[in-house]
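Peer 1: Before I ask anything, let me first share the structure, which is written out below as structure tokens.
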Amino acid sequence: MFFVTTAIDYTNGSPHIGHAYEKVLADVITRYHRLTGEETYFLTGVDQHGQKVQQTAEKEGISPAEYVKTVTTRFSALWEKIGVHYDGWAETTDPRHIRCVQAILSDLYAQGQIYKKTYKGFYSVRQEQFLTDRDRDETGNFGPEWGEVTEIEEENYYFKLSDHTPWLRDFLETSEDTILPGFRKSELINALEKNTGADLCISRPKERLTWGIELPFDPDFVTYVWFDALINYISFIGYAPDSSLPNFKTIWTGRPVHIIGKDILVPAHGIYWLAMLKALDFADNQMPQLLVHGWWNRSGEKMSKSLGNIVDPVELADTFGVDALRYYLVRDIHTGKDSNFDVERLVMLFNTELANELGNLCNRALNMSVRFTAGIISPGGVLTKDDTALQQSLIDCTAAYRKAMDNHEISMGLEALNRHVVHCNQYAERMKPWEINKNPENKDRLATVLHHLAESVAHCAVLLSPVLPDAAAKLAAQLKLPQLSELKLDDLTWGLIPNGHEIEKPSPVFPRIEVKAEI
Ligand code: MSP
């Protein structure tokens with residue numbers, strides 16, 4: 001089973017384009033893996049506990065439970081709207097998750113992996129964390145990013161992270177495919193060097209934070225952030241068996257892929273989570289792969305509520321359509337790198353690559369077939385150099401697409417697909433079926449050319465389906481080949497359209513976006 005997860009989103013605000021990107025990326029990867037024939041399970045959800053939620057709910061005069069319920073709906077409604085289809089949905093206030101977190105805490109406590117100690121230090125209320133001297137700026141002060149900083153002393157529970165760091169260092173150093181893309185590995189190993197010896201504080205006293213999961217061995221404390229949130233990856237697939245959840249062993253069969261942003265690699269996933277799994281006796285060949293994506297920025301700046309430069313995906317989907325939004329989010333960024341959000345590029349990419357190229361190919365190919373051959377597709381006669389070159393282009397582009405998609409490089413996969421589409425449009429320009437049609441003696445040649453175009457549309461529909469499933473289904477419907485949705489990648493050989501097959505008059509699947517002045 002291919003098991004893919006995303007980070008679970010904090011429910012302390014509305015979803016923005018960064019959240020949408022990660023979920024669309026995961027959705028595309030899931031759909032692509034199904035296309036390879038692999039059984040796939042996709043888990044995503046929301047991270048509902050924590051101080052910020054408690055504070056915002058207090059400000060709004062409602063209970064945290066009420067507050068997270070409303071915010072959670074904003075996320076799940078967005079995923080529904082933009083076609084993000086998950087198999088499992090994680091909400092950290094779910095009693096099944098709470099039971100699992102508590103069972104794990106009890107076990108680790110019984111094994112002596114969790115202990116209590118007193119700690120005195122500077123604490124940032126905004127970031128909900130103790131600070132160290134490394135967090136001071138050049139002037140020796142804690143910068144404004146930490147908000148209010150106070151010195152406090154308190155007892156807390158700690159996880160013996162230091163027991164597992166030697167293993168983690170060896171594991172990361174010898175593994176080439178745990179951190180994807182590989183260039184992020186050194187950042188993690190450097191952080192690990194600095195971190196040796198430190199254990200992880202996993203609790204908060206209830207007098208400071210009530211909105212969390214109570215420690216099963218001390219009701220005066222709740223779990224703090226990571227020992228709650230990270231466990232979602234196993235709790236919601238039945239790590240603690242529950243009849244309403246899947247069977248853990250059928251889902252976590254090999255190495256899952258956790259899709260996360262670069263900000264939560266170090267230390268959360270790259271150090272804490274791998275060490276936690278080690279403490280739970282997960283073997284090296286069960287350790288997740290961390291697919292670390294970059295950030296969508298605006299004008300080179302990080303997007304944040306305080307900067308007021310957040311892009312609302314709901315608005316974008318309403319204005320430009322779901323296809324344009326999904327396509328842009330995976331087309332205009334290289335997995336692992338940052339990108340600058342630019343609505344003009346969103347429109348441009350849709351209009352050029354979808355409306356002008358793929359849309360045009362589909363329209364002209366199917367329209368000409370309807371007009372010149374009564375909608376009947378047949379292979380025609382002898383193949384020319386141009387025909388075999390088109391078939392070769394399809395083979396090459398499909399191989400390049402698969403290679404890119406296997407590496408989670410969606411943008412390059414789409415680029416390969418576009419290369420074939422451009423080839424087809426150029427072929428149509430050169431072959432000029434509208435001229436061939438003028439001479440009834442050239443019926444066979446006309447059939448061959450139109451067949452090559454229609455066959456290409458059929459392949460493109462399948463290759464496009466992980467990114468734009470609805471558009472792919474429309475293309476298949478116009479070809480009157482609904483069975484395309486059942487195909488796997490290995491079925492994509494020349495001859496998807498049966499001899500004598502009749503297609504339908506097409507209507508545009510990618511109508512151009514007309515730009516209004518205010519965009
Ligand atoms: N709740 C934690 C994750 C817990 S996972 C066990 C969290 N939540 S978050 O809402 O702040 O972020 C959720 C995901 O969105 C993270 O992977 C984060 O990197 C990603 N993004 C948040 N802003 C982003 C951009 N501007 N661009 C791309 N992705 C970014 O962290």
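Each chain of the structure tokens is named A, B, ... in the order shown, its residues numbered from 1; ligands are numbered from 1 in display order.
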List the neighbours of segment 380-391 of chain A out to 7 Å using only C-alpha atoms; skip same-chain residues closer than 4 positions along the sequence, and give me the result as number ranges by chain.

Peer 2: A: 395, 424, 444-445, 447-448

Peer 1: Deliver the residues from the most recent selection as a file, using all heavy atoms, as a PDB file, in the first residue's frame.

Peer 2:
```pdb
ATOM      1  N   ILE A 395       5.528   8.421 -26.984  1.00  0.00           N
ATOM      2  CA  ILE A 395       6.280   7.456 -26.161  1.00  0.00           C
ATOM      3  C   ILE A 395       7.289   8.203 -25.277  1.00  0.00           C
ATOM      4  O   ILE A 395       7.373   7.987 -24.067  1.00  0.00           O
ATOM      5  CB  ILE A 395       7.007   6.419 -27.057  1.00  0.00           C
ATOM      6  CG1 ILE A 395       5.981   5.515 -27.728  1.00  0.00           C
ATOM      7  CG2 ILE A 395       8.031   5.598 -26.264  1.00  0.00           C
ATOM      8  CD1 ILE A 395       6.544   4.615 -28.826  1.00  0.00           C
ATOM      9  N   CYS A 424       1.635  17.751 -31.325  1.00  0.00           N
ATOM     10  CA  CYS A 424       0.400  17.401 -32.044  1.00  0.00           C
ATOM     11  C   CYS A 424      -0.169  18.603 -32.787  1.00  0.00           C
ATOM     12  O   CYS A 424      -0.628  18.490 -33.928  1.00  0.00           O
ATOM     13  CB  CYS A 424      -0.661  16.891 -31.072  1.00  0.00           C
ATOM     14  SG  CYS A 424      -0.264  15.286 -30.417  1.00  0.00           S
ATOM     15  N   ASP A 444      -8.092   7.854 -46.778  1.00  0.00           N
ATOM     16  CA  ASP A 444      -7.270   7.070 -45.856  1.00  0.00           C
ATOM     17  C   ASP A 444      -6.272   7.943 -45.114  1.00  0.00           C
ATOM     18  O   ASP A 444      -6.053   7.787 -43.904  1.00  0.00           O
ATOM     19  CB  ASP A 444      -6.490   5.975 -46.614  1.00  0.00           C
ATOM     20  CG  ASP A 444      -7.298   4.702 -46.678  1.00  0.00           C
ATOM     21  OD1 ASP A 444      -8.428   4.710 -46.160  1.00  0.00           O
ATOM     22  OD2 ASP A 444      -6.783   3.712 -47.236  1.00  0.00           O
ATOM     23  N   ARG A 445      -5.669   8.859 -45.896  1.00  0.00           N
ATOM     24  CA  ARG A 445      -4.671   9.764 -45.272  1.00  0.00           C
ATOM     25  C   ARG A 445      -5.358  10.639 -44.219  1.00  0.00           C
ATOM     26  O   ARG A 445      -4.846  10.845 -43.113  1.00  0.00           O
ATOM     27  CB  ARG A 445      -4.022  10.619 -46.386  1.00  0.00           C
ATOM     28  CG  ARG A 445      -2.932  11.554 -45.882  1.00  0.00           C
ATOM     29  CD  ARG A 445      -1.709  10.766 -45.402  1.00  0.00           C
ATOM     30  NE  ARG A 445      -0.907  11.536 -44.462  1.00  0.00           N
ATOM     31  CZ  ARG A 445      -0.369  11.059 -43.351  1.00  0.00           C
ATOM     32  NH1 ARG A 445      -0.541   9.799 -43.010  1.00  0.00           N
ATOM     33  NH2 ARG A 445       0.350  11.817 -42.556  1.00  0.00           N
ATOM     34  N   ALA A 447      -8.035   9.965 -42.519  1.00  0.00           N
ATOM     35  CA  ALA A 447      -8.358   9.123 -41.354  1.00  0.00           C
ATOM     36  C   ALA A 447      -7.124   8.946 -40.474  1.00  0.00           C
ATOM     37  O   ALA A 447      -7.199   9.057 -39.236  1.00  0.00           O
ATOM     38  CB  ALA A 447      -8.880   7.766 -41.822  1.00  0.00           C
ATOM     39  N   THR A 448      -5.964   8.715 -41.108  1.00  0.00           N
ATOM     40  CA  THR A 448      -4.740   8.485 -40.325  1.00  0.00           C
ATOM     41  C   THR A 448      -4.392   9.708 -39.491  1.00  0.00           C
ATOM     42  O   THR A 448      -4.094   9.606 -38.295  1.00  0.00           O
ATOM     43  CB  THR A 448      -3.560   8.166 -41.280  1.00  0.00           C
ATOM     44  OG1 THR A 448      -3.940   7.075 -42.104  1.00  0.00           O
ATOM     45  CG2 THR A 448      -2.303   7.818 -40.511  1.00  0.00           C
TER      46      THR A 448
END
```

Peer 1: Could the residues that lie within 9 Å of ligand 1, counting only C-alpha atoms and all ligand atoms, be listed as a ChimeraX atom specification?

Peer 2: /A:6-13,15-23,46-48,225-233,259-265,268-269,273,292-298,302-304,310,338-339

Peer 1: Suppose you want the space between atom CA of Arg96 of chain A and atom CA of Pro241 of chain A; what is it in Å?

Peer 2: 9.4 Å

Peer 1: Which residue out of A:Ile213, A:Leu453, A:Val24, A:Leu484 has the minimum interatomic distance to Arg364 of chain A when only C-alpha atoms are used?

Peer 2: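 For Arg364 of chain A, the nearest of the given residues is A:Leu453.
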
Peer 1: Could you pull out the residues in segment 316-485 of chain A that DSSP calls strand (DSSP E) from the backbone, as a compact mmCIF listing (two decimals) with N, CA, C and O atoms, in the first residue's frame?

Peer 2:
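And here is the file that came out, selection.txt:
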```txt
# COMPACT_ATOMS: atom_id res chain seq x y z
N SER A 339 8.20 29.48 -4.51
CA SER A 339 7.73 30.16 -5.72
C SER A 339 6.98 31.41 -5.30
O SER A 339 6.54 31.54 -4.16
N ASN A 340 6.83 32.30 -6.26
CA ASN A 340 6.15 33.55 -5.96
C ASN A 340 4.73 33.48 -6.51
O ASN A 340 4.56 33.25 -7.70
N ILE A 376 -16.33 9.28 -37.02
CA ILE A 376 -15.79 7.92 -36.94
C ILE A 376 -14.25 7.97 -36.97
O ILE A 376 -13.67 8.61 -37.84
N ILE A 377 -13.64 7.31 -35.99
CA ILE A 377 -12.18 7.28 -35.94
C ILE A 377 -11.70 5.92 -36.43
O ILE A 377 -12.12 4.88 -35.90
```

Peer 1: List the spatial neighbours of Asp332 of chain A as number ranges by chain - criterion: any atom at most 9 Å away, only C-alpha atoms, same-chain residues fewer than 4 positions off excluded.

Peer 2: A: 327-328, 339-341, 345-346, 349, 411
